[in-house]
Structure formats: structure tokens, C-alpha cells
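What's in input11.cif: mmCIF, C-alpha atoms
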data_coords
#
loop_
_atom_site.label_atom_id
_atom_site.label_comp_id
_atom_site.auth_asym_id
_atom_site.auth_seq_id
_atom_site.Cartn_x
_atom_site.Cartn_y
_atom_site.Cartn_z
CA MET A 1 6.75 -23.55 0.23
CA GLY A 2 8.96 -26.30 -1.17
CA ARG A 3 8.48 -25.08 -4.73
CA LEU A 4 9.27 -21.50 -3.71
CA SER A 5 12.40 -22.65 -1.92
CA SER A 6 13.48 -24.64 -4.99
CA PHE A 7 12.81 -21.66 -7.22
CA GLY A 8 14.97 -19.46 -5.03
CA GLN A 9 17.73 -22.07 -5.07
CA HIS A 10 17.59 -22.28 -8.87
CA LEU A 11 17.87 -18.49 -9.08
CA TYR A 12 20.89 -18.52 -6.78
CA THR A 13 22.73 -21.23 -8.73
CA GLY A 14 21.84 -19.76 -12.11
CA ARG A 15 19.73 -22.70 -13.33
CA VAL A 16 16.85 -20.23 -13.63
CA SER A 17 17.73 -16.67 -14.61
CA PHE A 18 15.91 -13.50 -15.62
CA ASP A 19 17.83 -11.20 -17.93
CA PHE A 20 17.56 -7.96 -15.95
CA VAL A 21 20.79 -6.44 -17.25
CA GLY A 22 20.47 -7.54 -20.87
CA ARG A 23 16.97 -6.06 -21.22
CA ARG A 24 17.87 -2.76 -19.59
CA LEU A 25 16.51 -0.68 -22.47
CA LEU A 26 13.04 -2.05 -21.70
CA TRP A 27 13.35 -1.09 -18.02
CA TYR A 28 14.68 2.34 -18.97
CA ALA A 29 11.67 2.86 -21.24
CA ILE A 30 9.23 1.87 -18.48
CA SER A 31 10.94 4.20 -16.01
CA ALA A 32 10.96 7.02 -18.57
CA VAL A 33 7.18 6.67 -18.94
CA LEU A 34 6.72 6.74 -15.16
CA VAL A 35 9.00 9.75 -14.72
CA LEU A 36 7.34 11.67 -17.57
CA GLY A 37 3.92 10.85 -16.14
CA SER A 38 5.05 12.14 -12.76
CA ALA A 39 6.44 15.31 -14.32
CA ALA A 40 3.14 15.79 -16.13
CA GLY A 41 1.31 15.51 -12.81
CA LEU A 42 3.51 18.22 -11.36
CA GLY A 43 2.93 20.42 -14.39
CA VAL A 44 -0.84 19.90 -14.57
CA ASN A 45 -1.88 19.69 -10.92
CA GLY A 46 1.18 20.79 -8.98
CA LEU A 47 1.59 19.91 -5.33
CA GLU A 48 -1.17 20.66 -2.87
CA ARG A 49 0.79 22.24 -0.07
CA GLY A 50 -0.63 21.77 3.37
CA ILE A 51 -1.34 24.59 5.75
CA ASP A 52 2.01 23.95 7.45
CA PHE A 53 3.80 25.20 4.33
CA LYS A 54 1.55 27.94 2.99
CA GLY A 55 0.19 29.23 6.28
CA GLY A 56 -3.42 29.94 7.20
CA VAL A 57 -6.01 29.01 9.80
CA GLU A 58 -7.17 25.50 10.63
CA PHE A 59 -10.58 25.03 12.28
CA THR A 60 -11.56 21.77 13.96
CA ALA A 61 -15.34 21.48 14.16
CA GLN A 62 -16.90 18.82 16.40
CA VAL A 63 -20.05 17.33 14.86
CA SER A 64 -22.39 14.49 15.73
CA ASP A 65 -21.72 12.68 12.46
CA ALA A 66 -18.67 13.40 10.28
CA SER A 67 -20.39 12.33 7.06
CA SER A 68 -20.04 13.69 3.54
CA ALA A 69 -23.27 15.64 4.06
CA SER A 70 -21.74 17.36 7.10
CA VAL A 71 -18.59 18.15 5.13
CA ASP A 72 -20.61 19.75 2.33
CA ARG A 73 -22.73 21.72 4.80
CA LEU A 74 -19.71 23.17 6.59
CA ARG A 75 -17.94 23.96 3.32
CA GLU A 76 -20.96 25.91 2.07
CA ALA A 77 -21.19 27.75 5.39
CA VAL A 78 -17.57 28.90 5.12
CA ILE A 79 -17.94 29.97 1.47
CA ASP A 80 -21.13 31.87 2.28
CA THR A 81 -19.17 34.16 4.62
CA GLY A 82 -18.03 35.97 1.45
CA LEU A 83 -14.41 36.24 2.64
CA ASP A 84 -11.79 36.04 -0.13
CA ALA A 85 -9.40 34.04 2.08
CA ALA A 86 -12.17 31.51 2.77
CA SER A 87 -13.54 31.20 -0.76
CA SER A 88 -11.81 27.83 -1.40
CA PRO A 89 -11.58 26.05 1.94
CA VAL A 90 -10.08 22.57 2.32
CA VAL A 91 -12.63 20.54 4.24
CA ASN A 92 -12.27 16.88 5.23
CA THR A 93 -13.17 14.54 8.03
CA SER A 94 -10.94 13.84 11.01
CA GLY A 95 -12.28 10.71 12.65
CA ASP A 96 -15.98 10.00 13.24
CA SER A 97 -16.94 13.22 15.01
CA ALA A 98 -14.68 15.99 13.75
CA ILE A 99 -14.19 17.93 10.53
CA ARG A 100 -11.12 19.97 9.65
CA VAL A 101 -11.51 23.23 7.74
CA GLN A 102 -8.43 24.99 6.37
CA THR A 103 -8.42 28.50 4.93
CA SER A 104 -5.84 31.06 3.94
CA ALA A 105 -4.59 33.62 6.46
CA LEU A 106 -7.42 35.50 8.20
CA THR A 107 -7.64 38.50 10.50
CA GLN A 108 -8.97 38.06 14.01
CA ASP A 109 -12.41 39.36 13.04
CA GLU A 110 -12.53 37.12 9.95
CA THR A 111 -11.52 34.11 12.06
CA SER A 112 -14.38 34.78 14.47
CA GLN A 113 -16.76 35.14 11.52
CA VAL A 114 -15.80 31.73 10.11
CA ALA A 115 -16.06 30.10 13.54
CA ASP A 116 -19.56 31.52 13.97
CA ALA A 117 -20.55 30.24 10.53
CA LEU A 118 -19.36 26.73 11.42
CA ALA A 119 -21.30 26.82 14.68
CA SER A 120 -24.43 27.95 12.84
CA ALA A 121 -23.99 25.03 10.38
CA GLY A 122 -24.18 22.45 13.16
CA ALA A 123 -20.74 22.35 14.79
CA THR A 124 -21.02 21.86 18.56
CA GLU A 125 -17.49 23.10 19.26
CA VAL A 126 -14.99 24.93 17.08
CA SER A 127 -11.28 25.27 17.84
CA GLN A 128 -8.74 27.33 15.89
CA ASN A 129 -5.08 26.93 15.05
CA LEU A 130 -3.16 29.75 13.37
CA VAL A 131 -0.15 28.66 11.28
CA GLY A 132 2.24 31.25 9.90
CA PRO A 133 3.90 30.75 6.48
CA SER A 134 7.36 31.39 7.94
CA TRP A 135 7.16 28.15 9.91
CA GLY A 136 6.41 26.16 6.76
CA ALA A 137 9.25 27.85 4.92
CA GLU A 138 11.62 26.90 7.75
CA VAL A 139 10.46 23.27 7.56
CA ALA A 140 10.99 23.20 3.79
CA LYS A 141 14.45 24.75 4.16
CA LYS A 142 15.53 22.20 6.77
CA ALA A 143 14.13 19.35 4.69
CA ALA A 144 16.11 20.50 1.64
CA THR A 145 19.26 20.82 3.76
CA GLY A 146 18.75 17.35 5.18
CA LEU A 147 18.25 15.93 1.69
CA VAL A 148 21.47 17.48 0.36
CA VAL A 149 23.49 16.28 3.35
CA PHE A 150 22.00 12.80 2.99
CA LEU A 151 22.89 12.57 -0.71
CA VAL A 152 26.47 13.72 -0.10
CA ILE A 153 26.92 11.14 2.65
CA VAL A 154 25.44 8.43 0.40
CA VAL A 155 27.85 9.21 -2.44
CA LEU A 156 30.86 9.15 -0.11
CA PHE A 157 29.69 5.98 1.63
CA ILE A 158 29.13 3.97 -1.56
CA TRP A 159 32.38 5.18 -3.10
CA ALA A 160 34.35 4.28 0.04
CA TYR A 161 32.62 0.93 0.57
CA PHE A 162 32.70 -0.36 -3.00
CA ARG A 163 35.69 1.64 -4.25
CA GLU A 164 33.59 2.33 -7.33
CA TRP A 165 32.26 5.74 -8.34
CA ARG A 166 30.02 4.16 -10.98
CA MET A 167 27.92 2.51 -8.30
CA SER A 168 27.55 5.87 -6.55
CA VAL A 169 26.22 7.39 -9.77
CA ALA A 170 23.83 4.49 -10.32
CA ALA A 171 22.54 4.75 -6.74
CA MET A 172 21.95 8.50 -7.13
CA VAL A 173 20.01 7.97 -10.36
CA ALA A 174 17.86 5.34 -8.63
CA LEU A 175 17.18 7.65 -5.68
CA ALA A 176 16.21 10.53 -7.99
CA HIS A 177 13.99 8.11 -9.91
CA ASP A 178 12.20 7.09 -6.69
CA LEU A 179 11.74 10.67 -5.51
CA VAL A 180 10.31 11.97 -8.78
CA ILE A 181 7.80 9.14 -9.11
CA THR A 182 6.69 9.43 -5.48
CA VAL A 183 6.22 13.19 -5.75
CA GLY A 184 4.37 12.68 -9.04
CA ILE A 185 1.94 10.27 -7.36
CA TYR A 186 1.29 12.97 -4.77
CA ALA A 187 0.55 15.46 -7.53
CA TRP A 188 -1.92 13.16 -9.31
CA SER A 189 -3.62 11.99 -6.10
CA GLY A 190 -4.13 15.50 -4.74
CA PHE A 191 -2.82 14.56 -1.29
CA GLU A 192 -1.50 17.45 0.74
CA VAL A 193 2.23 17.83 1.23
CA THR A 194 2.80 18.11 4.97
CA PRO A 195 5.80 17.68 7.29
CA ALA A 196 4.74 14.02 7.56
CA THR A 197 5.17 13.76 3.78
CA VAL A 198 8.69 15.13 4.03
CA THR A 199 9.46 12.59 6.75
CA GLY A 200 8.16 9.81 4.52
CA LEU A 201 10.25 10.95 1.55
CA LEU A 202 13.44 11.00 3.61
CA THR A 203 12.59 7.56 4.97
CA ILE A 204 12.14 5.96 1.55
CA LEU A 205 15.54 7.26 0.48
CA GLY A 206 17.13 5.17 3.19
CA TYR A 207 15.02 2.13 2.28
CA SER A 208 15.82 2.39 -1.42
CA LEU A 209 19.50 2.83 -0.69
CA TYR A 210 19.55 -0.22 1.59
CA ASP A 211 18.06 -2.46 -1.10
CA THR A 212 20.47 -1.12 -3.71
CA VAL A 213 23.53 -1.62 -1.50
CA VAL A 214 22.55 -5.25 -0.87
CA VAL A 215 22.41 -5.94 -4.62
CA PHE A 216 25.65 -4.04 -5.25
CA ASP A 217 27.40 -6.04 -2.55
CA LYS A 218 26.47 -9.27 -4.33
CA VAL A 219 27.62 -7.79 -7.64
CA ARG A 220 31.00 -7.01 -6.11
CA GLU A 221 31.27 -10.54 -4.73
CA ASN A 222 30.42 -12.15 -8.07
CA THR A 223 32.73 -9.93 -10.14
CA ARG A 224 35.77 -9.99 -7.85
CA GLY A 225 38.80 -10.97 -9.98
CA ILE A 226 36.68 -11.41 -13.09
CA THR A 227 39.37 -10.07 -15.45
CA ALA A 228 41.56 -13.08 -14.59
CA SER A 229 38.91 -15.43 -15.99
CA THR A 230 37.39 -15.79 -19.45
CA SER A 231 34.38 -17.88 -18.53
CA ARG A 232 31.72 -15.21 -18.00
CA LEU A 233 31.14 -11.56 -18.80
CA TYR A 234 30.90 -8.82 -16.18
CA ALA A 235 27.29 -8.19 -17.18
CA GLU A 236 26.44 -11.88 -16.76
CA GLN A 237 27.91 -12.02 -13.27
CA ALA A 238 26.08 -8.83 -12.29
CA ASN A 239 22.83 -10.23 -13.65
CA LEU A 240 23.41 -13.38 -11.60
CA ALA A 241 23.78 -11.19 -8.50
CA VAL A 242 20.39 -9.56 -9.15
CA ASN A 243 18.79 -13.00 -9.54
CA GLN A 244 20.46 -14.23 -6.35
CA THR A 245 19.03 -11.34 -4.32
CA LEU A 246 15.65 -11.28 -6.08
CA VAL A 247 13.77 -13.46 -3.60
CA ARG A 248 15.22 -11.51 -0.66
CA SER A 249 14.19 -8.21 -2.22
CA ILE A 250 10.64 -9.41 -2.90
CA ASN A 251 10.20 -10.90 0.57
CA THR A 252 11.56 -7.77 2.27
CA SER A 253 9.33 -5.51 0.21
CA ILE A 254 6.17 -7.50 0.86
CA THR A 255 6.93 -7.64 4.57
CA ALA A 256 7.39 -3.85 4.64
CA LEU A 257 4.48 -2.96 2.35
CA LEU A 258 1.80 -4.94 4.20
CA PRO A 259 1.87 -2.90 7.44
CA VAL A 260 2.37 0.37 5.53
CA GLY A 261 -0.60 -0.52 3.33
CA ALA A 262 -2.68 -1.11 6.45
CA LEU A 263 -1.66 2.34 7.74
CA LEU A 264 -2.66 3.88 4.40
CA ILE A 265 -6.08 2.21 4.48
CA VAL A 266 -6.69 3.35 8.05
CA GLY A 267 -5.44 6.87 7.32
CA VAL A 268 -7.62 7.30 4.21
CA GLY A 269 -10.66 5.17 4.96
CA VAL A 270 -11.04 5.60 8.71
CA LEU A 271 -9.35 8.84 9.79
CA GLY A 272 -9.82 10.65 6.49
CA SER A 273 -6.95 13.08 7.09
CA GLY A 274 -3.95 13.76 9.21
CA PRO A 275 -0.25 12.96 9.22
CA LEU A 276 -0.83 9.18 9.20
CA LYS A 277 -2.31 9.31 5.71
CA ASP A 278 0.43 11.58 4.36
CA LEU A 279 3.23 9.49 5.84
CA ALA A 280 1.73 6.15 4.71
CA LEU A 281 1.29 7.21 1.08
CA ALA A 282 4.89 8.41 0.79
CA LEU A 283 6.20 5.21 2.39
CA PHE A 284 4.01 2.87 0.34
CA VAL A 285 4.80 4.39 -3.04
CA GLY A 286 8.46 4.97 -2.20
CA MET A 287 9.08 1.42 -0.97
CA ALA A 288 7.43 -0.13 -4.02
CA VAL A 289 9.33 2.10 -6.45
CA GLY A 290 12.56 1.67 -4.46
CA THR A 291 12.39 -2.10 -4.85
CA TYR A 292 11.80 -1.71 -8.58
CA SER A 293 14.70 0.71 -9.03
CA SER A 294 17.22 -1.42 -7.12
CA ILE A 295 16.52 -4.36 -9.44
CA PHE A 296 15.71 -2.78 -12.80
CA ILE A 297 17.53 0.57 -12.72
CA ALA A 298 20.49 0.76 -10.33
CA THR A 299 22.33 -2.43 -11.35
CA PRO A 300 21.81 -2.07 -15.14
CA ILE A 301 23.12 1.51 -14.99
CA ALA A 302 26.13 0.44 -12.90
CA VAL A 303 26.90 -2.33 -15.41
CA GLN A 304 26.49 0.00 -18.37
CA LEU A 305 28.97 2.44 -16.85
CA LYS A 306 31.38 -0.34 -15.88
CA GLU A 307 31.39 -1.77 -19.40
CA ARG A 308 33.05 1.48 -20.55
CA ASP A 309 36.08 0.68 -18.39
CA PRO A 310 39.01 -0.27 -20.70
CA ALA A 311 39.86 -3.31 -18.55
CA ILE A 312 36.29 -4.60 -18.71
CA ARG A 313 36.07 -3.94 -22.45
CA GLU A 314 39.26 -5.93 -22.97
CA HIS A 315 37.94 -8.73 -20.80
CA THR A 316 34.66 -8.77 -22.72
CA ALA A 317 36.52 -9.07 -26.02
CA LYS A 318 38.55 -12.03 -24.68
CA VAL A 319 35.45 -13.87 -23.47
CA LEU A 320 33.60 -13.36 -26.75
CA LYS A 321 36.68 -14.43 -28.74
CA ARG A 322 37.00 -17.63 -26.70
CA ARG A 323 33.32 -18.43 -27.14
CA ALA A 324 33.53 -17.84 -30.89
CA LYS A 325 36.52 -20.20 -31.09
CA GLU A 326 34.67 -22.90 -29.12
CA LEU A 327 31.72 -22.55 -31.45
CA GLU A 328 33.92 -22.99 -34.51
CA THR A 329 35.46 -26.07 -32.95
CA ALA A 330 32.05 -27.55 -32.24
CA ASP A 331 30.89 -26.90 -35.81
CA ALA A 332 33.97 -28.65 -37.16
CA VAL A 333 33.12 -31.92 -35.42
CA ALA A 334 31.53 -34.41 -37.87
CA PRO A 335 27.89 -35.11 -37.06
CA VAL A 336 27.03 -38.59 -35.78
CA THR A 337 25.27 -40.77 -38.41
CA ALA A 338 21.70 -41.22 -37.37
CA ARG A 339 20.23 -44.69 -37.21
CA PRO A 340 17.13 -45.50 -39.25
CA VAL A 341 13.86 -44.73 -37.51
CA THR A 342 10.85 -47.05 -37.56
CA THR A 343 7.50 -47.15 -35.75
CA SER A 344 7.48 -49.39 -32.68
CA ALA A 345 4.22 -51.29 -32.18
CA ALA A 346 4.90 -51.81 -28.48
CA ALA A 347 5.81 -48.23 -27.66
CA GLY A 348 3.34 -46.68 -30.09
CA ARG A 349 5.88 -44.12 -31.29
CA ARG A 350 8.79 -43.82 -33.72
CA GLN A 351 12.11 -45.12 -32.36
CA PRO A 352 15.62 -45.65 -33.81
CA GLN A 353 15.92 -49.08 -35.50
CA ARG A 354 18.30 -51.42 -33.71
CA SER A 355 20.63 -53.72 -35.67
CA SER A 356 20.30 -57.47 -35.26
CA ARG A 357 22.56 -59.30 -32.81
CA GLN A 358 24.38 -61.01 -35.70
CA GLN A 359 25.05 -57.68 -37.39
CA ARG A 360 26.36 -56.20 -34.15
CA ARG A 361 28.72 -59.20 -33.65
CA GLY A 362 30.05 -58.82 -37.15
CA ARG A 363 31.13 -55.24 -36.56
#
Will you turn the file into C-alpha cells for me?
Amino acid sequence: MGRLSSFGQHLYTGRVSFDFVGRRLLWYAISAVLVLGSAAGLGVNGLERGIDFKGGVEFTAQVSDASSASVDRLREAVIDTGLDAASSPVVNTSGDSAIRVQTSALTQDETSQVADALASAGATEVSQNLVGPSWGAEVAKKAATGLVVFLVIVVLFIWAYFREWRMSVAAMVALAHDLVITVGIYAWSGFEVTPATVTGLLTILGYSLYDTVVVFDKVRENTRGITASTSRLYAEQANLAVNQTLVRSINTSITALLPVGALLIVGVGVLGSGPLKDLALALFVGMAVGTYSSIFIATPIAVQLKERDPAIREHTAKVLKRRAKELETADAVAPVTARPVTTSAAAGRRQPQRSSRQQRRGR
């Protein structure tokens, strides 16, 4: 704990520093790979929309043992009905004694036929839930509206709080980065997109924004009045701010990810399906990516945009000119004459030879 505390203190004072801003091209390249991979997942697999969005019928079959053998048996029973709408059912466990079966929209007679097939395959009780596609469309519409309103409020808030439009742009890029990667993970994993997923996506936007605002606040504090000084560059002060908030960001993320990870394990490994699994995956991926973007994406982009400001460019030129002048002055200083070096028998290593006392007195 003492070493970790010392490490955090060294990061805060600048004795230890990671060059997050200076190596931004590397972070951009990593993010580009992640975003392209996510886009590929959307293009190859697409999103598996849940029954809440595409409509259909959901059957809940009570069984004595919700094992993989029971899942396969019920799936075959539904397919054997020969109904087109039930030719590709989504079948998964729901706890230890229930199995969920989802099909496309069915007529009343077709619904009864599927229920009878499930009962014949070993289900002790079968319940039905009809979901219309209009309800899912309404959910998607409200989610999109909420997202647009949220983004507008975020832009106005950051611009008003920091008085800097560049930080608003950087925050929006980071949020888009987090959303694309999270949705891409959903595409590759094959998890269903449900209303719980939408809730999770909106939640991670707030989390990612919070982490970004904390870093930006430290950047503003470190760069306040920087043009009046020629000691450090704007990029260097911003990089110091990221280092100063690094330990806080890591600690906050770990604290948040541990319980969400536990929810994900329970949702996937124990329950097998349901809103808990969908919500936990969105939160887990979004929080992890949000922490990454606030450190490696948002601040470097904000600095890159700020460096195009004429005042900052002029300040950068002054700092570099002063440093070049100091370097020339240091090179002009005559080097100190080195004393002869001999091997010391006592120390067992080479040491500078010391003049005799008489020679030193005669100087």
C-alpha cells in the first residue's frame, strides 16, 4: 500500500510521468482497430434484436432440469411443428427449472400448437407472452430521442462549464467511441438487444462523461494562465493532469467493474438469460471502454484541437525558443577537466585519482 501511495504521489508531482498526450497516434491507432472490429461485427453478424423489438411470442416452459439436453429437446419439438414462424426459435435457460422459447409472431392456433409441442417434450407447465412489434419500435424511438437530448445537454454543459468548445468535441468523440465499441461487442457476442441493453448504454454514457469531465477539470486547473509563462507547454500540462488523475480513474473503474462483473457472471452462468445479463454486459464493456477513452482519447484530442489556437501556437513557439537558447548556453560552457582515474584496491573499482596533500597546498 505504501508503494502504491508513493507511486500515486510521484505521478501527481510529475516525478513519474506517462506520455499519454505525446503518444496519441498510438492510442488513435488502437482505437481505430477496435472501432473497425466493432463495425465488422455489425456488418457480419448484425445485432440480435430481442423479442421486445421485433415482436413475437415468448413461451416459458417449466421443466424438472433446465439442462442443455432439455434445451435441445424443446428446440427440436418446436422446429418439428413445421411452422415457418417457429423454424428458428431462440431457446435458452431461465434459472434451474425454466426454459424460455422465443418465436416470431404466431396466430392463436399456431401458439396453441407450439405450447402443445413443448408439453409433449417434457414441459410441466407452459405460459405465453405475446409481444407486438409496435411496442419495440416505440421503445427504440424513445431511446433514440433520449440519446439525442442527452448529447445536446452534454455539449452545452461542457461548453458552459469549461468555456471551451474543443473539450465538448473531444467528449463527444469519446462517447461515440464508447458506444460503437460496446455495440460491436454485442454484435460479436450474439447477446440479444433488449430494453435492458438500452438502459445500460445510456448509463455508460453518463459514466464515461463523468470520468472525462474529471480529467478535463484538472487540465483546466493546470493550464490556467499558461500563456503568461514560458516554462511548460500546454500539452505537457495537460499530460500532467492525466497522470494526476490516473490513480483515481483506475481505482474508480475497478470499484465499479467488480460488482458489475459479478452481475455478468450471475446473469450468464446462473440465470442464463434475462435483463440482468443484458444490462451487465453493456455496463461492463462500457465502463471499461469509458475509462480507456477518458485517458487515451478525450484529452489527447482536446489538446490536439487546442494546439491549433493561435495563442497556444505562439506560446509553444516561445517555450521552444527559450529551451533552445538555454541549450545553446549550456553547450557553450567549457567542460570540467576530468581527473585521472585509477583502480582502487580498497574499493575494488576505478575511482578518480586524488592529488597529494602537498600538491593541493601548492595550488
- line: From the list A:Ala69, A:Leu74, A:Val148, A:Ala98, the nearest residue to Ser120 in chain A using all atoms listed in the file is A:Leu74
query: When you draw a straight line from CA of Ala176 in chain A to CA of Leu151 in chain A, how long is it in Å?
result: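 Taking CA of Ala176 in chain A and CA of Leu151 in chain A, their separation equals 10.1 Å.
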message: Just to confirm, what's the straight-line distance from CA of Arg323 in chain A to CA of Gly22 in chain A in Å (one decimal)?
response: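 Separation of CA of Arg323 in chain A and CA of Gly22 in chain A: 18.0 Å.
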- request: Quick one: everything within 8 Å of range 245-258 of chain A, counting all atoms listed in the file, minus sequence neighbours fewer than 6 positions away in the same chain. Send it as a ChimeraX atom specification.
  value: /A:8,12,211,214-215,218,284,287-288,291,295
task: Report the residues retrieved by the PyMOL selection byres ((chain A and resi 86) around 10) from the displayed file, expressed as a VMD selection string.
output: chain A and resid 56 to 57 75 78 to 85 87 to 90 101 to 106 110 to 111 114
message: So the first atom is CA of Val319 in chain A and the second is CA of Tyr28 in chain A; what is the distance between them in Å, to one decimal place?
response: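 About the pair CA of Val319 in chain A and CA of Tyr28 in chain A: they are 26.7 Å apart.
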query: Leaving out Leu42 in chain A and any residue of its chain fewer than 3 positions from it, which residues lie within 12 Å of it when counting all atoms listed in the file, given as a list in words?
result: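 Once the adjacent positions are removed, what remains is Val35, Leu36, Gly37, Ser38, Ala39, Asn45, Gly46, Leu47, Glu48, Val180, Ile181, Thr182, Val183, Gly184, Ile185, Tyr186, Ala187, Trp188, Ser189 and Gly190 of chain A.
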field: Resolved residues for the PyMOL selection byres ((chain A and resi 194) around 10) as an MDAnalysis selection string
entry: chainID A and resid 48:53 136 139:140 191:193 195:200 274:275 278:279
Those residues with C-alpha atoms, as a PDB file, in the frame of the given file please?
ATOM      1  CA  GLU A  48      -1.170  20.660  -2.870  1.00  0.00           C
ATOM      2  CA  ARG A  49       0.790  22.240  -0.070  1.00  0.00           C
ATOM      3  CA  GLY A  50      -0.630  21.770   3.370  1.00  0.00           C
ATOM      4  CA  ILE A  51      -1.340  24.590   5.750  1.00  0.00           C
ATOM      5  CA  ASP A  52       2.010  23.950   7.450  1.00  0.00           C
ATOM      6  CA  PHE A  53       3.800  25.200   4.330  1.00  0.00           C
ATOM      7  CA  GLY A 136       6.410  26.160   6.760  1.00  0.00           C
ATOM      8  CA  VAL A 139      10.460  23.270   7.560  1.00  0.00           C
ATOM      9  CA  ALA A 140      10.990  23.200   3.790  1.00  0.00           C
ATOM     10  CA  PHE A 191      -2.820  14.560  -1.290  1.00  0.00           C
ATOM     11  CA  GLU A 192      -1.500  17.450   0.740  1.00  0.00           C
ATOM     12  CA  VAL A 193       2.230  17.830   1.230  1.00  0.00           C
ATOM     13  CA  PRO A 195       5.800  17.680   7.290  1.00  0.00           C
ATOM     14  CA  ALA A 196       4.740  14.020   7.560  1.00  0.00           C
ATOM     15  CA  THR A 197       5.170  13.760   3.780  1.00  0.00           C
ATOM     16  CA  VAL A 198       8.690  15.130   4.030  1.00  0.00           C
ATOM     17  CA  THR A 199       9.460  12.590   6.750  1.00  0.00           C
ATOM     18  CA  GLY A 200       8.160   9.810   4.520  1.00  0.00           C
ATOM     19  CA  GLY A 274      -3.950  13.760   9.210  1.00  0.00           C
ATOM     20  CA  PRO A 275      -0.250  12.960   9.220  1.00  0.00           C
ATOM     21  CA  ASP A 278       0.430  11.580   4.360  1.00  0.00           C
ATOM     22  CA  LEU A 279       3.230   9.490   5.840  1.00  0.00           C
TER      23      LEU A 279
END
message: What would the selection look like, as a PyMOL selection string, if the PyMOL selection byres ((chain A and resi 294) around 12) were run on the coordinates I just shared?
response: chain A and resi 20-21+27+167+170-175+177-178+205+207-216+241-243+245-246+249-250+253+286-293+295-302
Enclose range 198-214 of chain A, meaning all of its atoms listed in the file, in a box aligned along x, y and z, pad it by 8 Å on each side, and list the centre and edge lengths in Å to one decimal, as JSON.
{"center_x": 15.8, "center_y": 4.9, "center_z": 1.5, "size_x": 31.4, "size_y": 36.4, "size_z": 26.5}
- request: Tell me, as a PyMOL selection string, which residues lie within 8 Å of Ser127 in chain A, counting all atoms listed in the file; anything in the same chain fewer than 5 positions away does not count.
  value: chain A and resi 59-61
field: Nearest candidate to Gly55 in chain A (options A:Gln237, A:Thr329, A:Leu130, A:Gly146; using only C-alpha atoms)
entry: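 Of all the options, A:Leu130 lies closest to Gly55 in chain A.
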query: Given the choices A:Leu320, A:Val149, A:Ile30, A:Ile312, which gets closest to Gly225 in chain A if the distance is worked out from all atoms listed in the file?
result: A:Ile312
task: Have a look at A:Ala77, A:Val91, A:Val63, A:Leu240 and name the one nearest to Thr124 in chain A; count all atoms listed in the file.
output: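 Selected residue with least distance to Thr124 in chain A: A:Val63.
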message: Counting all atoms listed in the file, which residue out of A:Val71, A:Leu179, A:Ile153, A:Leu276 sits closest to Thr93 in chain A?
response: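 The shortest atom-to-atom distance to Thr93 in chain A comes from A:Val71.
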Report as an mmCIF file with C-alpha atoms, in the frame of the given file all protein, DNA and RNA residues lying within 9 Å of Ala121 in chain A, evaluated on all atoms listed in the file, omitting residues in the same chain fewer than 3 positions from it.
data_model
loop_
_atom_site.group_PDB
_atom_site.id
_atom_site.type_symbol
_atom_site.label_atom_id
_atom_site.label_comp_id
_atom_site.auth_asym_id
_atom_site.auth_seq_id
_atom_site.Cartn_x
_atom_site.Cartn_y
_atom_site.Cartn_z
ATOM 1 C CA SER A 70 -21.740 17.360 7.100
ATOM 2 C CA ARG A 73 -22.730 21.720 4.800
ATOM 3 C CA LEU A 74 -19.710 23.170 6.590
ATOM 4 C CA GLU A 76 -20.960 25.910 2.070
ATOM 5 C CA ALA A 77 -21.190 27.750 5.390
ATOM 6 C CA ASP A 116 -19.560 31.520 13.970
ATOM 7 C CA ALA A 117 -20.550 30.240 10.530
ATOM 8 C CA LEU A 118 -19.360 26.730 11.420
#
